[in-house]
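In what follows, a structure is listed as structure tokens, so that the remarks can point back to it.
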Amino acid sequence: MSGQFQDRIQDTKERLQDWWADRSGGSSTGRLIVILVVVYLLVALVVGYFWSTEPEQFSVTEVAEKRAEEMGVKVVTGFTTTSTLIKVTETLLHKPGGYLSNDVTPPGVWLDNVPNWEFGVLVQVRDFARALRKDFSRSQSQSTEDKDLAIAEPQLHFDADSTFIPDTEGEYERGIAALHSYLARLSDPQEPTAQFYARSDNLRQWLFDVETRLGSLSQRLSASVARRRLNTDVGVQQSTPTPDEEEVKTPWTEVDDVFYEARGTSWALLQILHAIEVDFREVLEKKNALVGVRQIIRELEGTQEPLGSPVILSGSGFGLFANHSLVMASYISRANAAIIDLRELLSQG
């Protein structure tokens, strides 16, 4: 009986060897190719895990002071905010793995969390670059726009997924270069054409954009659990009729996408708000609104807490398992409410 068993093992072994020889063409080259592919995939998995690490927050004042020292200039009004915008955009491009949203090869093409994080950051970069061009750098609506910001803003609105000529990274680098040029002119006392006006009306306008962004994100995050919502647009004159209520539910394949987009948005907003606290301190103190900015920062810091789960859970609101999207929505909703209060304070005389 034992001999028959050994014969069967030997027969199976020979069949496997024959199958391998057929698959590899009976050559060592085929085996080497298979081994190299397996090693490449394993290395790509390890690298992909490393690339999925989100960047840490940075000190906006330290970054601004270091940049000013390198440029040989003083930190003037608007320097910290502009420097922060540059640093956030550079982080987007030069973090571990670089910019991944337009990758077409492993491991970047396999990763979806980081590209969604990048999109969240990019939205805030674009919004603030537009505000910088449209409001912060102009004394009034009839003022001429800054020549460098007129280049930076459209460059940063370039297609986020372009891989080949022109590539996304190259276009964004041109936008960063224009921001550097604006920053150099802003800090040059002999160059009066570059200005940054730290006024409450300019800040309110940008905060209104932030408010709408966070409101949308909060709704999308909350939709990780199916809800029937009343249509608040009913009774308003509109193009096409809509139902009185509808069921909203984020597809389970997109729950983590929305979550990481919210993480990226919150990360970028945190950095910009820290800079706003520096450049608009006089205005905020005058309006008794400094604590309002700090409250927004405090709420957004909660969105950056490290995850204790390898996957984004989307359990029911009071169910057995956690719902990370609802937790994120809670932080963002409270931050949004604080922004509404801050805009109200800034509007007062």
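Quick note on naming: the chains in the structure tokens go A, B, ... in the order shown, residues restart at 1 in each chain, and ligands are numbered from 1 in order of appearance.
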
**Request:** Skip Glu211 in chain A itself and residues of its chain fewer than 4 positions away, then list as a ChimeraX atom specification all residues within 9 Å of it, counting only C-alpha atoms.
**Result:** /A:206-207,215-216,335-337,339-340

**Message:** I'd like the neighbourhood of Met328 in chain A as JSON, numbers by chain, where a residue qualifies if any of its atoms comes within 12 Å (using only C-alpha atoms), though same-chain residues fewer than 2 positions away should be ignored.
**Reply:** {"A": [214, 217, 218, 219, 220, 221, 222, 223, 224, 255, 256, 258, 259, 260, 261, 262, 263, 264, 265, 266, 299, 300, 301, 302, 303, 304, 305, 307, 312, 313, 314, 322, 323, 324, 325, 326, 330, 331, 332, 333, 334, 335]}

**Message:** Residues of range 116-264 of chain A classed as helix (DSSP H, G or I) by DSSP on the backbone are to be reported as a ChimeraX atom specification.
**Reply:** /A:116-136,149-156,168-186,200-222,255-264

**Request:** For range 101-118 of chain A, please output as number ranges by chain all residues within 7 Å (counting only C-alpha atoms; exclusion window: fewer than 3 positions along the same chain).
**Result:** A: 44-45, 48, 52, 92, 121-122, 160-163, 257, 260-261, 263-264

**Message:** I'd like to know which of A:Ile276, A:Arg174, A:Asp159, A:Leu100 is closest to Phe128 in chain A, using only C-alpha atoms.
**Reply:** A:Ile276

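Atom pair CA of Glu90 in chain A / CA of Ser137 in chain A has a distance of 21.5 Å (rounded to one decimal).
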
**Asked** Out of A:Gln124, A:Leu85, A:Ile33, A:Leu93, which residue has the shortest atom-to-atom distance to Thr212 in chain A when counting only C-alpha atoms?
**Response** A:Gln124

**Prompt:** Rounded to one decimal in Å, what is the spacing between CA of Gly120 in chain A and CA of Gln271 in chain A?
**Reply:** 13.3 Å

**Item:** Long-range neighbours of Thr81 in chain A as a ChimeraX atom specification, 10 Å cut-off, only C-alpha atoms, 4 positions minimum in chain
**Value:** /A:60-61,64,77,85-87,128,132,183,196,271-280

**Prompt:** For Glu282 in chain A, which of A:Thr193, A:Pro166, A:Ser200, A:Glu70 is the closest residue, counting only C-alpha atoms?
**Reply:**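 Ranking A:Thr193, A:Pro166, A:Ser200, A:Glu70 by distance to Glu282 in chain A, first place goes to A:Ser200.
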